[in-house]
Amino acid sequence: MTKAEERELRVARLYQRGRKTLRQCAEMLGTDVEGMMNILREFSIPLSNGSAADILKNLQMIREQQPEAFIIPLNKSFE
């Protein structure tokens, strides 16, 4: 494991333990929220502890940073 990966893991564990928010962790690593979410996925760390409040908070944070992710095109068919 490289030094950068070790640092990412330490920061990801801070998020996992609830000591830092997703945004705080992203700032610590010099990335955006989406980048931090990818780092968490790499280490198989879930985005929340599963409570509805945490999930809603995470969705709101993503919506603020990437509003285009919540736009559903009406002219496309879903099969």
# chains A, B, ... in the order shown; residues from 1 in each chain; ligands from 1
>>> residues_around(residues="Leu14 of chain A", least_positions_apart="2", cutoff="12 Å", atoms="only C-alpha atoms", output="ChimeraX atom specification")
/A:7-12,16-26,28,40,45
>>> select_by_dssp(residues="chain A", states="alpha helix (DSSP H)", output="PDB file with N, CA and C atoms, in the first residue's frame")
ATOM      1  N   LYS A   3       1.912   5.340   0.389  1.00  0.00           N
ATOM      2  CA  LYS A   3       1.667   6.335   1.454  1.00  0.00           C
ATOM      3  C   LYS A   3       0.342   7.043   1.218  1.00  0.00           C
ATOM      4  N   ALA A   4       0.047   7.370  -0.052  1.00  0.00           N
ATOM      5  CA  ALA A   4      -1.211   8.053  -0.372  1.00  0.00           C
ATOM      6  C   ALA A   4      -2.411   7.183  -0.019  1.00  0.00           C
ATOM      7  N   GLU A   5      -2.319   5.884  -0.316  1.00  0.00           N
ATOM      8  CA  GLU A   5      -3.413   4.972   0.008  1.00  0.00           C
ATOM      9  C   GLU A   5      -3.570   4.818   1.521  1.00  0.00           C
ATOM     10  N   GLU A   6      -2.458   4.798   2.235  1.00  0.00           N
ATOM     11  CA  GLU A   6      -2.524   4.721   3.699  1.00  0.00           C
ATOM     12  C   GLU A   6      -3.217   5.947   4.266  1.00  0.00           C
ATOM     13  N   ARG A   7      -2.905   7.113   3.721  1.00  0.00           N
ATOM     14  CA  ARG A   7      -3.544   8.358   4.176  1.00  0.00           C
ATOM     15  C   ARG A   7      -5.045   8.326   3.870  1.00  0.00           C
ATOM     16  N   GLU A   8      -5.395   7.884   2.664  1.00  0.00           N
ATOM     17  CA  GLU A   8      -6.806   7.778   2.300  1.00  0.00           C
ATOM     18  C   GLU A   8      -7.541   6.851   3.259  1.00  0.00           C
ATOM     19  N   LEU A   9      -6.917   5.741   3.602  1.00  0.00           N
ATOM     20  CA  LEU A   9      -7.545   4.789   4.518  1.00  0.00           C
ATOM     21  C   LEU A   9      -7.728   5.392   5.904  1.00  0.00           C
ATOM     22  N   ARG A  10      -6.718   6.105   6.394  1.00  0.00           N
ATOM     23  CA  ARG A  10      -6.852   6.751   7.719  1.00  0.00           C
ATOM     24  C   ARG A  10      -8.007   7.748   7.725  1.00  0.00           C
ATOM     25  N   VAL A  11      -8.103   8.553   6.667  1.00  0.00           N
ATOM     26  CA  VAL A  11      -9.190   9.545   6.594  1.00  0.00           C
ATOM     27  C   VAL A  11     -10.532   8.842   6.430  1.00  0.00           C
ATOM     28  N   ALA A  12     -10.585   7.796   5.621  1.00  0.00           N
ATOM     29  CA  ALA A  12     -11.828   7.047   5.431  1.00  0.00           C
ATOM     30  C   ALA A  12     -12.308   6.446   6.752  1.00  0.00           C
ATOM     31  N   ARG A  13     -11.373   6.010   7.563  1.00  0.00           N
ATOM     32  CA  ARG A  13     -11.749   5.454   8.868  1.00  0.00           C
ATOM     33  C   ARG A  13     -12.293   6.535   9.799  1.00  0.00           C
ATOM     34  N   LEU A  14     -11.808   7.759   9.667  1.00  0.00           N
ATOM     35  CA  LEU A  14     -12.378   8.863  10.450  1.00  0.00           C
ATOM     36  C   LEU A  14     -13.847   9.045  10.099  1.00  0.00           C
ATOM     37  N   TYR A  15     -14.149   8.960   8.797  1.00  0.00           N
ATOM     38  CA  TYR A  15     -15.544   9.061   8.367  1.00  0.00           C
ATOM     39  C   TYR A  15     -16.352   7.882   8.907  1.00  0.00           C
ATOM     40  N   GLN A  16     -15.791   6.693   8.774  1.00  0.00           N
ATOM     41  CA  GLN A  16     -16.485   5.478   9.207  1.00  0.00           C
ATOM     42  C   GLN A  16     -16.834   5.535  10.688  1.00  0.00           C
ATOM     43  N   LEU A  22     -18.346  13.621   5.419  1.00  0.00           N
ATOM     44  CA  LEU A  22     -17.873  13.318   4.073  1.00  0.00           C
ATOM     45  C   LEU A  22     -17.138  14.517   3.487  1.00  0.00           C
ATOM     46  N   ARG A  23     -17.710  15.669   3.645  1.00  0.00           N
ATOM     47  CA  ARG A  23     -17.097  16.901   3.118  1.00  0.00           C
ATOM     48  C   ARG A  23     -15.766  17.193   3.811  1.00  0.00           C
ATOM     49  N   GLN A  24     -15.704  17.032   5.118  1.00  0.00           N
ATOM     50  CA  GLN A  24     -14.452  17.277   5.845  1.00  0.00           C
ATOM     51  C   GLN A  24     -13.356  16.329   5.372  1.00  0.00           C
ATOM     52  N   CYS A  25     -13.713  15.077   5.174  1.00  0.00           N
ATOM     53  CA  CYS A  25     -12.738  14.095   4.699  1.00  0.00           C
ATOM     54  C   CYS A  25     -12.259  14.447   3.296  1.00  0.00           C
ATOM     55  N   ALA A  26     -13.187  14.860   2.448  1.00  0.00           N
ATOM     56  CA  ALA A  26     -12.818  15.254   1.091  1.00  0.00           C
ATOM     57  C   ALA A  26     -11.823  16.413   1.129  1.00  0.00           C
ATOM     58  N   GLU A  27     -12.092  17.393   1.981  1.00  0.00           N
ATOM     59  CA  GLU A  27     -11.189  18.543   2.106  1.00  0.00           C
ATOM     60  C   GLU A  27      -9.819  18.112   2.623  1.00  0.00           C
ATOM     61  N   MET A  28      -9.793  17.184   3.554  1.00  0.00           N
ATOM     62  CA  MET A  28      -8.523  16.702   4.094  1.00  0.00           C
ATOM     63  C   MET A  28      -7.658  16.057   3.015  1.00  0.00           C
ATOM     64  N   LEU A  29      -8.313  15.419   2.052  1.00  0.00           N
ATOM     65  CA  LEU A  29      -7.576  14.735   0.997  1.00  0.00           C
ATOM     66  C   LEU A  29      -7.455  15.558  -0.276  1.00  0.00           C
ATOM     67  N   VAL A  33     -16.514  15.781  -2.968  1.00  0.00           N
ATOM     68  CA  VAL A  33     -17.334  14.773  -2.297  1.00  0.00           C
ATOM     69  C   VAL A  33     -17.421  13.496  -3.136  1.00  0.00           C
ATOM     70  N   GLU A  34     -17.563  13.650  -4.436  1.00  0.00           N
ATOM     71  CA  GLU A  34     -17.636  12.467  -5.302  1.00  0.00           C
ATOM     72  C   GLU A  34     -16.335  11.662  -5.222  1.00  0.00           C
ATOM     73  N   GLY A  35     -15.213  12.353  -5.217  1.00  0.00           N
ATOM     74  CA  GLY A  35     -13.931  11.672  -5.084  1.00  0.00           C
ATOM     75  C   GLY A  35     -13.822  10.927  -3.761  1.00  0.00           C
ATOM     76  N   MET A  36     -14.316  11.559  -2.698  1.00  0.00           N
ATOM     77  CA  MET A  36     -14.287  10.917  -1.385  1.00  0.00           C
ATOM     78  C   MET A  36     -15.195   9.697  -1.366  1.00  0.00           C
ATOM     79  N   MET A  37     -16.337   9.786  -2.027  1.00  0.00           N
ATOM     80  CA  MET A  37     -17.241   8.643  -2.107  1.00  0.00           C
ATOM     81  C   MET A  37     -16.554   7.480  -2.828  1.00  0.00           C
ATOM     82  N   ASN A  38     -15.796   7.784  -3.860  1.00  0.00           N
ATOM     83  CA  ASN A  38     -15.055   6.738  -4.577  1.00  0.00           C
ATOM     84  C   ASN A  38     -14.002   6.098  -3.679  1.00  0.00           C
ATOM     85  N   ILE A  39     -13.330   6.909  -2.874  1.00  0.00           N
ATOM     86  CA  ILE A  39     -12.329   6.388  -1.940  1.00  0.00           C
ATOM     87  C   ILE A  39     -12.991   5.456  -0.933  1.00  0.00           C
ATOM     88  N   LEU A  40     -14.148   5.859  -0.412  1.00  0.00           N
ATOM     89  CA  LEU A  40     -14.862   5.000   0.534  1.00  0.00           C
ATOM     90  C   LEU A  40     -15.232   3.675  -0.113  1.00  0.00           C
ATOM     91  N   ARG A  41     -15.682   3.732  -1.371  1.00  0.00           N
ATOM     92  CA  ARG A  41     -16.027   2.502  -2.085  1.00  0.00           C
ATOM     93  C   ARG A  41     -14.818   1.588  -2.236  1.00  0.00           C
ATOM     94  N   GLU A  42     -13.657   2.190  -2.533  1.00  0.00           N
ATOM     95  CA  GLU A  42     -12.438   1.394  -2.706  1.00  0.00           C
ATOM     96  C   GLU A  42     -12.112   0.601  -1.444  1.00  0.00           C
ATOM     97  N   ALA A  52     -31.850   6.643   8.481  1.00  0.00           N
ATOM     98  CA  ALA A  52     -32.523   7.478   7.488  1.00  0.00           C
ATOM     99  C   ALA A  52     -31.998   8.906   7.518  1.00  0.00           C
ATOM    100  N   ALA A  53     -31.741   9.432   8.699  1.00  0.00           N
ATOM    101  CA  ALA A  53     -31.242  10.807   8.809  1.00  0.00           C
ATOM    102  C   ALA A  53     -29.881  10.958   8.133  1.00  0.00           C
ATOM    103  N   ASP A  54     -29.000   9.980   8.323  1.00  0.00           N
ATOM    104  CA  ASP A  54     -27.679  10.035   7.694  1.00  0.00           C
ATOM    105  C   ASP A  54     -27.781   9.935   6.177  1.00  0.00           C
ATOM    106  N   ILE A  55     -28.645   9.059   5.716  1.00  0.00           N
ATOM    107  CA  ILE A  55     -28.815   8.897   4.274  1.00  0.00           C
ATOM    108  C   ILE A  55     -29.355  10.182   3.660  1.00  0.00           C
ATOM    109  N   LEU A  56     -30.343  10.785   4.282  1.00  0.00           N
ATOM    110  CA  LEU A  56     -30.894  12.044   3.778  1.00  0.00           C
ATOM    111  C   LEU A  56     -29.852  13.157   3.796  1.00  0.00           C
ATOM    112  N   LYS A  57     -29.042  13.202   4.855  1.00  0.00           N
ATOM    113  CA  LYS A  57     -27.991  14.215   4.943  1.00  0.00           C
ATOM    114  C   LYS A  57     -26.984  14.047   3.811  1.00  0.00           C
ATOM    115  N   ASN A  58     -26.592  12.804   3.535  1.00  0.00           N
ATOM    116  CA  ASN A  58     -25.648  12.541   2.451  1.00  0.00           C
ATOM    117  C   ASN A  58     -26.240  12.899   1.094  1.00  0.00           C
ATOM    118  N   LEU A  59     -27.510  12.566   0.879  1.00  0.00           N
ATOM    119  CA  LEU A  59     -28.163  12.915  -0.379  1.00  0.00           C
ATOM    120  C   LEU A  59     -28.250  14.422  -0.566  1.00  0.00           C
ATOM    121  N   GLN A  60     -28.554  15.145   0.491  1.00  0.00           N
ATOM    122  CA  GLN A  60     -28.630  16.598   0.410  1.00  0.00           C
ATOM    123  C   GLN A  60     -27.265  17.186   0.063  1.00  0.00           C
ATOM    124  N   MET A  61     -26.226  16.649   0.655  1.00  0.00           N
ATOM    125  CA  MET A  61     -24.881  17.133   0.390  1.00  0.00           C
ATOM    126  C   MET A  61     -24.509  16.895  -1.081  1.00  0.00           C
ATOM    127  N   ILE A  62     -24.846  15.718  -1.590  1.00  0.00           N
ATOM    128  CA  ILE A  62     -24.563  15.422  -2.995  1.00  0.00           C
ATOM    129  C   ILE A  62     -25.381  16.325  -3.897  1.00  0.00           C
ATOM    130  N   ARG A  63     -26.632  16.539  -3.527  1.00  0.00           N
ATOM    131  CA  ARG A  63     -27.510  17.395  -4.338  1.00  0.00           C
ATOM    132  C   ARG A  63     -26.977  18.825  -4.407  1.00  0.00           C
ATOM    133  N   GLU A  64     -26.413  19.325  -3.321  1.00  0.00           N
ATOM    134  CA  GLU A  64     -25.840  20.669  -3.313  1.00  0.00           C
ATOM    135  C   GLU A  64     -24.620  20.766  -4.225  1.00  0.00           C
ATOM    136  N   GLN A  65     -23.807  19.718  -4.237  1.00  0.00           N
ATOM    137  CA  GLN A  65     -22.581  19.753  -5.028  1.00  0.00           C
ATOM    138  C   GLN A  65     -22.801  19.340  -6.480  1.00  0.00           C
TER     139      GLN A  65
END
>>> atom_distance(atom1="atom CA of Leu47 of chain A", atom2="atom CA of Gln66 of chain A")
16.5 Å
